[in-house]
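Source file: target05.txt (compact mmCIF, C-alpha atoms and all ligand atoms)
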```txt
# COMPACT_ATOMS: atom_id res chain seq x y z
CA MET A 43 -100.70 85.26 113.45
CA THR A 44 -104.35 85.68 114.21
CA THR A 45 -106.08 86.62 110.99
CA LEU A 46 -109.55 88.15 110.87
CA ARG A 47 -112.43 88.02 108.42
CA TRP A 48 -115.41 90.29 108.79
CA GLY A 49 -118.75 91.40 107.45
CA SER A 50 -121.27 94.09 108.31
CA ALA A 51 -124.76 95.40 107.64
CA THR A 52 -126.92 98.27 108.83
CA ASP A 53 -130.52 99.27 108.23
CA VAL A 54 -132.78 102.08 109.32
CA GLY A 55 -135.43 99.53 110.32
CA ALA A 56 -139.15 99.48 109.64
CA VAL A 57 -140.24 102.43 111.79
CA ARG A 58 -137.59 105.17 112.09
CA GLU A 59 -136.89 107.69 109.34
CA VAL A 60 -133.22 108.17 110.05
CA ASN A 61 -130.43 105.70 110.74
CA GLN A 62 -128.49 107.12 113.67
CA ASP A 63 -126.29 104.02 113.93
CA SER A 64 -122.75 104.02 112.59
CA LEU A 65 -120.33 101.21 112.04
CA LEU A 66 -116.61 101.00 111.59
CA VAL A 67 -114.71 98.24 109.82
CA ALA A 68 -110.99 99.12 109.76
CA GLU A 69 -108.94 96.06 110.59
CA PRO A 70 -107.74 95.56 113.28
CA LEU A 71 -110.41 97.90 114.67
CA PHE A 72 -114.17 97.30 114.48
CA ALA A 73 -117.01 99.23 116.11
CA VAL A 74 -120.71 99.91 116.33
CA ALA A 75 -122.15 103.19 117.65
CA ASP A 76 -125.80 104.02 118.26
CA GLY A 77 -126.33 107.78 118.37
CA MET A 78 -129.04 109.74 120.17
CA GLY A 79 -130.24 113.35 120.14
CA GLY A 80 -132.64 115.19 117.87
CA HIS A 81 -131.83 117.54 115.00
CA GLN A 82 -129.26 115.17 113.45
CA GLY A 83 -127.51 114.95 116.81
CA GLY A 84 -127.66 111.16 116.86
CA GLU A 85 -126.10 110.59 113.46
CA VAL A 86 -123.44 113.20 114.11
CA ALA A 87 -122.56 111.77 117.51
CA SER A 88 -122.14 108.17 116.28
CA ALA A 89 -120.30 109.12 113.09
CA THR A 90 -118.01 111.55 114.90
CA ALA A 91 -117.20 109.04 117.61
CA LEU A 92 -116.14 106.37 115.10
CA GLU A 93 -114.22 108.82 112.94
CA ILE A 94 -112.12 109.99 115.88
CA LEU A 95 -111.79 106.47 117.24
CA GLN A 96 -110.26 105.28 113.95
CA GLU A 97 -108.08 108.38 113.54
CA THR A 98 -106.66 108.09 117.04
CA PHE A 99 -106.18 104.34 117.10
CA ASP A 100 -104.57 104.22 113.64
CA GLY A 101 -101.45 102.08 114.02
CA GLY A 102 -102.31 101.36 117.64
CA ALA A 103 -101.29 98.05 119.10
CA SER A 104 -102.29 97.99 122.76
CA LYS A 105 -105.28 98.17 125.09
CA ALA A 106 -104.03 101.58 126.19
CA ASP A 107 -104.13 102.81 122.57
CA LEU A 108 -107.75 101.69 122.31
CA LEU A 109 -108.73 103.38 125.58
CA GLU A 110 -107.00 106.57 124.48
CA ALA A 111 -108.97 106.47 121.21
CA VAL A 112 -112.21 106.18 123.21
CA ARG A 113 -111.17 109.10 125.43
CA ARG A 114 -110.53 111.34 122.40
CA ALA A 115 -113.74 110.26 120.68
CA ASN A 116 -115.68 111.23 123.81
CA ALA A 117 -113.92 114.57 124.01
CA LYS A 118 -114.63 115.33 120.35
CA VAL A 119 -118.34 114.50 120.57
CA TRP A 120 -118.60 116.54 123.77
CA ASP A 121 -116.81 119.50 122.18
CA LYS A 122 -118.98 119.40 119.07
CA ALA A 123 -122.13 119.32 121.19
CA GLN A 124 -120.93 122.38 123.12
CA LEU A 125 -120.11 124.34 119.96
CA ASP A 126 -123.34 123.69 118.04
CA GLU A 127 -126.63 124.51 119.73
CA ASN A 128 -128.46 122.02 117.47
CA LEU A 129 -126.25 119.25 118.73
CA HIS A 130 -126.61 120.00 122.44
CA GLY A 131 -127.16 116.86 124.49
CA MET A 132 -126.16 114.47 121.72
CA GLY A 133 -124.35 111.32 122.61
CA THR A 134 -123.71 107.82 121.43
CA THR A 135 -123.12 104.28 122.55
CA LEU A 136 -119.90 102.64 121.52
CA THR A 137 -118.87 99.02 121.42
CA ALA A 138 -115.52 98.40 119.76
CA ILE A 139 -113.03 95.61 119.44
CA ALA A 140 -109.41 95.70 118.31
CA LYS A 141 -106.77 93.06 117.78
CA VAL A 142 -103.87 94.22 119.92
CA LYS A 143 -100.71 92.78 121.46
CA ASP A 144 -101.01 91.48 124.98
CA ASP A 145 -98.81 93.66 127.18
CA GLU A 146 -97.13 90.70 128.88
CA THR A 147 -97.05 87.81 126.43
CA ASP A 148 -96.86 89.86 123.19
CA SER A 149 -99.44 87.51 121.68
CA ASP A 150 -102.52 88.64 119.75
CA VAL A 151 -105.55 89.35 121.91
CA ILE A 152 -108.91 90.97 121.31
CA ALA A 153 -109.55 94.08 123.39
CA ILE A 154 -113.20 95.05 123.83
CA VAL A 155 -114.41 98.45 125.02
CA ASN A 156 -117.98 99.39 125.77
CA VAL A 157 -120.03 102.43 126.72
CA GLY A 158 -123.85 102.27 126.64
CA ASP A 159 -126.15 99.48 125.48
CA SER A 160 -124.75 98.29 122.19
CA ARG A 161 -123.27 94.86 122.65
CA THR A 162 -120.38 92.57 121.77
CA TYR A 163 -120.98 88.83 121.80
CA LEU A 164 -118.59 85.94 121.37
CA VAL A 165 -119.55 82.67 119.68
CA ARG A 166 -117.14 79.93 120.74
CA ASP A 167 -117.83 76.21 120.41
CA ASP A 168 -121.33 77.09 119.16
CA GLU A 169 -122.12 78.97 122.39
CA LEU A 170 -123.22 82.60 122.31
CA GLN A 171 -122.01 84.67 125.23
CA GLN A 172 -122.39 88.39 125.84
CA LEU A 173 -119.02 89.99 126.57
CA THR A 174 -120.27 93.47 127.41
CA LEU A 175 -122.54 94.81 130.14
CA ASP A 176 -125.27 97.26 129.19
CA HIS A 177 -125.04 100.68 130.80
CA SER A 178 -128.78 101.15 130.94
CA PHE A 179 -131.25 101.95 133.65
CA VAL A 180 -133.11 98.66 133.38
CA GLU A 181 -129.98 96.50 133.08
CA GLU A 182 -128.58 98.01 136.25
CA MET A 183 -131.87 97.25 137.98
CA VAL A 184 -131.67 93.67 136.70
CA ARG A 185 -128.09 93.35 137.95
CA ALA A 186 -129.16 94.72 141.31
CA GLY A 187 -131.93 92.10 141.44
CA GLU A 188 -134.69 94.71 141.37
CA LEU A 189 -136.08 93.70 137.99
CA SER A 190 -136.36 90.41 136.11
CA ALA A 191 -134.66 90.07 132.73
CA GLU A 192 -138.08 89.39 131.19
CA ASP A 193 -139.63 92.57 132.58
CA ALA A 194 -136.60 94.58 131.46
CA GLU A 195 -137.36 93.81 127.82
CA SER A 196 -140.66 95.66 127.93
CA HIS A 197 -139.80 98.27 130.58
CA PRO A 198 -140.81 101.83 129.59
CA LYS A 199 -137.42 103.19 130.69
CA ARG A 200 -135.36 100.65 128.78
CA ASN A 201 -134.02 103.40 126.45
CA ILE A 202 -132.47 105.35 129.29
CA LEU A 203 -128.71 104.97 129.38
CA THR A 204 -126.66 105.37 132.54
CA ARG A 205 -123.50 105.90 130.54
CA ALA A 206 -122.92 107.29 127.03
CA LEU A 207 -120.13 108.75 124.94
CA GLY A 208 -119.99 112.54 124.47
CA VAL A 209 -122.53 113.57 127.11
CA GLU A 210 -119.85 114.58 129.60
CA PRO A 211 -116.27 115.89 129.22
CA THR A 212 -114.91 112.48 130.22
CA VAL A 213 -116.21 108.95 130.11
CA GLU A 214 -115.35 105.65 131.70
CA ALA A 215 -115.34 102.73 129.25
CA ASP A 216 -115.49 99.08 130.25
CA LEU A 217 -112.52 97.13 128.99
CA GLU A 218 -112.24 93.37 128.47
CA VAL A 219 -109.62 91.21 126.83
CA VAL A 220 -110.22 87.86 125.15
CA ALA A 221 -107.55 85.46 123.93
CA PRO A 222 -108.74 84.51 120.44
CA GLN A 223 -109.12 80.94 119.25
CA PRO A 224 -109.42 79.86 115.63
CA GLY A 225 -113.12 79.63 114.91
CA ASP A 226 -114.16 82.37 117.33
CA ARG A 227 -116.87 84.68 115.99
CA LEU A 228 -117.42 88.13 117.45
CA LEU A 229 -120.69 89.93 116.96
CA LEU A 230 -121.03 93.68 117.52
CA CYS A 231 -124.55 95.07 117.33
CA SER A 232 -126.82 97.94 118.25
CA ASP A 233 -129.85 97.37 120.47
CA GLY A 234 -132.09 97.32 117.37
CA LEU A 235 -130.96 93.74 116.76
CA VAL A 236 -131.38 92.22 120.21
CA ARG A 237 -134.73 93.89 120.84
CA GLU A 238 -136.20 91.98 117.91
CA LEU A 239 -134.37 88.66 118.08
CA THR A 240 -133.76 86.28 120.97
CA ASP A 241 -130.27 84.99 121.72
CA ASP A 242 -131.27 81.62 120.24
CA GLN A 243 -132.44 83.23 116.99
CA VAL A 244 -129.20 85.19 116.73
CA ALA A 245 -127.10 82.12 117.52
CA ALA A 246 -128.93 80.05 114.92
CA VAL A 247 -128.05 82.51 112.15
CA LEU A 248 -124.42 82.73 113.30
CA ARG A 249 -124.14 78.94 113.26
CA ARG A 250 -125.84 78.50 109.91
CA LEU A 251 -124.10 81.17 107.82
CA LYS A 252 -120.31 80.88 107.81
CA ASP A 253 -119.71 83.89 105.59
CA PRO A 254 -119.62 86.92 107.93
CA ASP A 255 -121.14 89.35 105.44
CA GLU A 256 -124.00 86.98 104.65
CA ALA A 257 -124.61 86.37 108.37
CA ALA A 258 -124.63 90.12 109.11
CA ARG A 259 -127.12 90.82 106.35
CA GLU A 260 -129.35 87.95 107.46
CA LEU A 261 -129.41 89.15 111.08
CA VAL A 262 -130.38 92.68 110.04
CA SER A 263 -133.00 91.33 107.68
CA GLN A 264 -134.54 89.08 110.34
CA ALA A 265 -134.62 91.90 112.94
CA LYS A 266 -136.39 94.10 110.41
CA ALA A 267 -138.87 91.34 109.63
CA HIS A 268 -139.56 90.89 113.35
CA GLY A 269 -140.67 94.54 113.68
CA GLY A 270 -137.59 96.69 113.01
CA HIS A 271 -138.63 99.23 115.66
CA ASP A 272 -135.12 100.68 115.83
CA ASN A 273 -132.09 101.07 113.60
CA ILE A 274 -130.27 97.76 113.24
CA THR A 275 -126.49 97.44 112.88
CA VAL A 276 -124.32 94.35 112.90
CA VAL A 277 -120.57 93.79 112.54
CA ILE A 278 -119.24 90.21 112.54
CA VAL A 279 -115.54 89.44 112.97
CA ASP A 280 -114.29 85.88 112.52
CA VAL A 281 -111.01 84.68 113.94
CA ASP A 282 -109.29 82.52 111.36
CA GLY A 283 -106.22 80.65 112.33
CA ASP A 284 -103.70 78.14 111.19
CA PRO A 285 -104.16 75.24 113.65
CA ASN A 286 -100.35 75.10 113.95
CA ASP A 287 -100.22 78.77 114.86
CA PRO A 288 -98.17 78.90 118.08
CA VAL A 289 -100.21 81.84 119.36
CA ALA A 290 -103.50 80.04 118.84
CA MET A 291 -102.13 76.88 120.44
CA LYS A 292 -100.88 78.73 123.48
CA LEU A 293 -104.24 80.26 124.26
CA PRO A 294 -106.99 77.64 124.05
CA VAL A 295 -109.49 77.74 126.88
CA ARG A 296 -110.47 74.09 126.41
CA PRO A 297 -107.66 71.53 126.17
CA ALA A 298 -109.67 69.41 123.74
CA LYS A 299 -108.59 71.79 120.99
CA LYS A 300 -105.02 70.58 121.38
CA ALA A 301 -105.91 67.30 119.71
CA LYS A 302 -105.53 68.83 116.25
CA PRO A 303 -101.87 69.83 116.34
CA GLN A 304 -100.98 66.44 117.82
CA LYS A 305 -102.57 64.74 114.86
CA ALA A 306 -99.99 66.30 112.59
CA HIS A 307 -97.22 64.34 114.34
CA LYS A 308 -98.97 61.00 113.95
CA GLY A 309 -97.07 60.04 110.80
CA PRO A 310 -93.50 60.49 112.08
CA ARG A 311 -94.40 58.94 115.43
CA LEU A 312 -95.78 55.86 113.72
CA GLN A 313 -92.62 55.54 111.65
CA TRP A 314 -90.47 55.78 114.76
CA LEU A 315 -92.61 53.13 116.46
CA THR A 316 -92.27 50.83 113.45
CA PHE A 317 -88.50 51.35 113.44
CA ARG A 318 -88.24 50.36 117.12
CA VAL A 319 -90.41 47.29 116.60
CA VAL A 320 -88.20 46.19 113.70
CA ILE A 321 -85.02 46.62 115.79
CA PHE A 322 -86.51 44.73 118.74
CA THR A 323 -87.90 41.91 116.59
CA THR A 324 -84.55 41.52 114.82
CA ALA A 325 -82.70 41.31 118.14
CA VAL A 326 -85.09 38.64 119.43
CA LEU A 327 -84.76 36.62 116.21
CA VAL A 328 -80.95 36.79 116.37
CA LEU A 329 -81.04 35.49 119.97
CA ILE A 330 -83.36 32.65 119.01
CA VAL A 331 -81.14 31.63 116.06
CA LEU A 332 -78.01 31.75 118.25
CA GLY A 333 -79.72 29.64 120.92
CA CYS A 334 -80.83 27.05 118.37
CA ALA A 335 -77.37 26.95 116.77
CA SER A 336 -75.67 26.31 120.09
CA ALA A 337 -78.25 23.65 120.98
CA VAL A 338 -77.62 21.93 117.62
CA TRP A 339 -73.88 22.19 118.17
CA TYR A 340 -74.21 20.71 121.66
CA ALA A 341 -76.58 17.96 120.49
CA ARG A 342 -74.49 16.93 117.49
CA SER A 343 -70.97 17.45 118.79
CA SER A 344 -70.56 14.08 120.52
CA TYR A 345 -71.02 10.37 119.92
CA TYR A 346 -72.06 7.46 122.01
CA VAL A 347 -72.18 3.69 121.76
CA GLY A 348 -75.57 2.15 122.29
CA VAL A 349 -77.56 -0.95 121.53
CA GLN A 350 -80.10 -1.45 118.76
CA GLY A 351 -81.66 -4.89 118.79
CA GLN A 352 -78.73 -7.19 119.60
CA GLN A 353 -76.23 -4.97 117.84
CA LEU A 354 -73.84 -2.33 119.13
CA VAL A 355 -74.36 0.93 117.26
CA ILE A 356 -72.45 4.22 117.25
CA TYR A 357 -74.74 7.21 117.44
CA ARG A 358 -74.00 10.80 116.74
CA GLY A 359 -75.65 12.92 119.43
CA ARG A 360 -76.52 12.56 123.08
CA PRO A 361 -78.13 9.58 124.77
CA GLN A 362 -80.82 11.97 126.05
CA PRO A 363 -82.38 14.15 123.32
CA VAL A 364 -81.47 17.87 123.41
CA LEU A 365 -84.56 19.92 122.60
CA TRP A 366 -86.01 18.16 119.58
CA PHE A 367 -82.63 16.82 118.34
CA HIS A 368 -82.43 13.08 118.60
CA ALA A 369 -79.26 11.15 118.06
CA THR A 370 -78.75 9.55 114.65
CA VAL A 371 -77.08 6.26 113.80
CA THR A 372 -73.61 6.85 112.38
CA GLU A 373 -72.25 3.35 112.23
CA ARG A 374 -73.63 -0.14 112.80
CA THR A 375 -70.87 -2.34 114.15
CA ASN A 376 -70.59 -6.09 113.53
CA VAL A 377 -70.48 -6.61 117.24
CA SER A 378 -73.46 -8.15 119.02
CA THR A 379 -74.26 -7.83 122.68
CA SER A 380 -73.17 -11.43 123.20
CA GLN A 381 -69.62 -10.51 122.15
CA ILE A 382 -68.99 -8.18 125.08
CA LEU A 383 -68.76 -8.86 128.80
CA PRO A 384 -72.20 -9.03 130.43
CA SER A 385 -70.90 -6.65 133.10
CA GLN A 386 -70.38 -3.95 130.42
CA LEU A 387 -73.84 -4.34 128.93
CA PRO A 388 -75.82 -2.01 131.25
CA ARG A 389 -73.48 0.91 130.53
CA VAL A 390 -73.68 0.35 126.78
CA GLU A 391 -77.45 0.00 126.90
CA ALA A 392 -77.64 3.35 128.68
CA GLY A 393 -75.38 4.92 126.04
CA ALA A 394 -71.67 5.30 126.56
CA SER A 395 -70.66 8.80 125.50
CA GLN A 396 -67.49 9.33 123.52
CA SER A 397 -65.85 12.52 122.35
CA SER A 398 -65.46 11.45 118.71
CA LEU A 399 -66.31 8.78 116.20
CA ALA A 400 -62.75 7.36 116.45
CA ALA A 401 -63.03 7.18 120.23
CA ALA A 402 -66.36 5.35 119.90
CA GLN A 403 -64.88 2.85 117.45
CA LYS A 404 -61.93 2.33 119.78
CA TYR A 405 -64.31 1.81 122.69
CA VAL A 406 -66.17 -0.96 120.81
CA GLN A 407 -62.85 -2.62 119.88
CA ASN A 408 -61.78 -2.57 123.52
CA LEU A 409 -65.09 -4.15 124.62
CA THR A 410 -64.68 -7.07 122.19
CA ALA A 411 -61.00 -7.47 123.01
CA GLU A 412 -61.78 -7.54 126.73
CA ALA A 413 -64.47 -10.21 126.23
CA ALA A 414 -62.20 -12.30 123.94
CA ALA A 415 -59.38 -12.15 126.48
CA ALA A 416 -61.69 -13.24 129.27
CA GLN A 417 -62.88 -16.16 127.11
CA LEU A 418 -59.29 -17.20 126.32
CA ALA A 419 -58.37 -17.09 130.00
CA ALA A 420 -61.32 -19.30 130.84
CA GLN A 421 -60.47 -21.86 128.11
CA ALA A 422 -56.71 -22.00 128.87
CA PRO A 423 -56.17 -21.43 132.54
CA THR A 424 -52.52 -22.57 132.28
CA THR A 425 -51.51 -19.82 129.94
CA THR A 426 -48.68 -17.89 131.59
CA SER A 427 -49.18 -14.61 129.92
CA PRO A 428 -52.01 -12.67 131.52
CA PRO A 429 -54.70 -11.28 129.18
CA THR A 430 -54.45 -7.75 127.96
CA THR A 431 -56.28 -5.60 130.38
CA THR A 432 -57.48 -2.78 128.36
CA HIS A 433 -60.28 -0.97 130.05
CA PRO A 434 -62.65 1.22 128.28
CA SER A 435 -62.12 4.79 129.19
MN MN B 1 -130.75 101.93 119.00
```

Representation of the structure as structure tokens:
Amino acid sequence: MTTLRWGSATDVGAVREVNQDSLLVAEPLFAVADGMGGHQGGEVASATALEILQETFDGGASKADLLEAVRRANAKVWDKAQLDENLHGMGTTLTAIAKVKDDETDSDVIAIVNVGDSRTYLVRDDELQQLTLDHSFVEEMVRAGELSAEDAESHPKRNILTRALGVEPTVEADLEVVAPQPGDRLLLCSDGLVRELTDDQVAAVLRRLKDPDEAARELVSQAKAHGGHDNITVVIVDVDGDPNDPVAMKLPVRPAKKAKPQKAHKGPRLQWLTFRVVIFTTAVLVLIVLGCASAVWYARSSYYVGVQGQQLVIYRGRPQPVLWFHATVTERTNVSTSQILPSQLPRVEAGASQSSLAAAQKYVQNLTAEAAAAQLAAQAPTTTSPPTTTHPS
């Protein structure tokens, strides 16, 4: 939902005796009308236009409803002027905005209608932009390139309108539609404001004062202080919005605005990230532990017979270290290198692997038995029984 806040102010000014401006604040419809015509014609024209506008639009929800309200307002002012001789020739400007449903998307949009030289501005991202085109003699000359904007401000015919409400049986109103963003500020005003203040002066007040009523009163007060040659009327409408509002999110003109809603998801996303990191880290640690365990198992699961000094020793482990696991001495035998055959020595020095401690002990026994048998054979060559020929596996 697009919610609106608003404020308004009007003043007769410092020169005129009568305030012929009228304003309408009837959410979701807001308007400013600047009437013209002597003998009370001006006040009647602007007041009548806004009265009929509100009456007709009441409950309206589309651009078409707003345009129909303008059509009836024009007809009423025209009729009144025809019926009362004192009101002949009266007319009024009209700038009006209404929050309506977009015909296609069904989202909230701001419809803006304009006839004459009152104006509607939009302040978005601190930038003031005029949404309406003046229907005035000098403005049309400026648009045609026949007059500079500077010269138009002081042109003697600047009061002459090329279009007004109620001066003919029918009128053509300009229509514009703006997709609202949270933070948008709409300013509706009569020419009495912009003749006294520059765009920069107006923008400065709109930036400085966040409260719409306060800003409206300040603008009117400054225009009066700067001369107040005409009636001054201001309506300010602020677009408030929940940043998570799906309508507001769907319509931003500048994608930078999307950063806010994303921020809201930062918490859950971070948690999900942490969860994944924990799972991954755990898996890696499990693999490392399994790898180490199998390396330890491999390194420690066998024995070998080696030499330490002059002594045969049974080691647990591998002759070549596995990772950082070195073999450890399990058993020092009483056998010295001189008690085995010299031909067996190189293999033992290199480390003779055995599948178990018992196999290693058996291997050492066989080495000594083999050497003893060879010695016996050498000492008693006549012995008939051959020596036991047990070979190490
Ligand atoms: Mn005026």

Open item on the list: Counting only C-alpha atoms and all ligand atoms, what are the residues, protein, DNA or RNA alike, that approach ligand MN 1 (chain B) to within 6 Å? I want them as a list in words.
Closed with: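 Protein and nucleic-acid residues within 6 Å of ligand MN 1 (chain B): Asp76, Ser232, Asp233, Gly234, Asp272 and Asn273 of chain A.
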
Task: Proximity to Val209 (chain A) - best of A:Gln124, A:Gln172, A:Gln353, A:Gln403, all atoms listed in the file - done: A:Gln124

TODO: Tell me which protein, DNA and RNA residues are within 12 Å of region 358-360 of chain A, counting only C-alpha atoms, leaving out same-chain ones fewer than 4 positions away, and put them as JSON, numbers by chain.
DONE: {"A": [337, 338, 339, 340, 341, 342, 343, 344, 345, 346, 347, 348, 364, 365, 366, 367, 368, 369, 370, 371, 372, 373, 374, 392, 393, 394, 395, 396, 397, 398, 399, 400, 402]}

TODO: May I ask which of the residues A:Leu229, A:Ala87, A:Ala221, A:Leu95 is the closest one to Val244 (chain A), counting all atoms listed in the file?
DONE: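 Once distances to Val244 (chain A) are computed over all atoms listed in the file, the minimum belongs to A:Leu229.
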
TODO: Pick out the residues sitting within 9 Å of Asp145 (chain A), and hand them over as a PyMOL selection string; count only C-alpha atoms, and ignore anything fewer than 3 positions along from it in its own chain.
DONE: chain A and resi 104-105+142+148-149

- [ ] Give the answer as one residue: which of A:Ala206, A:Leu173, A:Val326, A:Leu92 has the shortest atom-to-atom distance to Gly79 (chain A), using all atoms listed in the file?
- [x]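 Smallest distance to Gly79 (chain A) is found for A:Ala206.
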
Task: Best match for closeness to Glu59 (chain A) among A:Arg389, A:Gly270, A:Ser88, A:Ala419, counting all atoms listed in the file - done: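 Closest to Glu59 (chain A), using all atoms listed in the file: A:Gly270.
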
Task: Atomic separation - CA of Cys334 (chain A) relative to CA of Ala401 (chain A), Å - done: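 Computing it gives 26.7 Å between the two atoms.
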
- [ ] Rank A:Gly225, A:Pro254, A:Gly351, A:Gly84 by their smallest atom-to-atom distance to Ser64 (chain A), using only C-alpha atoms, and report the top residue only.
- [x]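 Under the stated criterion, the closest residue is A:Gly84.
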
TODO: Choose the residue, out of A:Thr44, A:Val319, A:Gly269, A:Gln407, that has the smallest atom-to-atom separation from Ala56 (chain A); count all atoms listed in the file.
DONE: A:Gly269

Task: One-decimal distance in Å that lies between CA of Gly102 (chain A) and CA of Pro224 (chain A) - done: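 Interatomic distance here is 22.7 Å.
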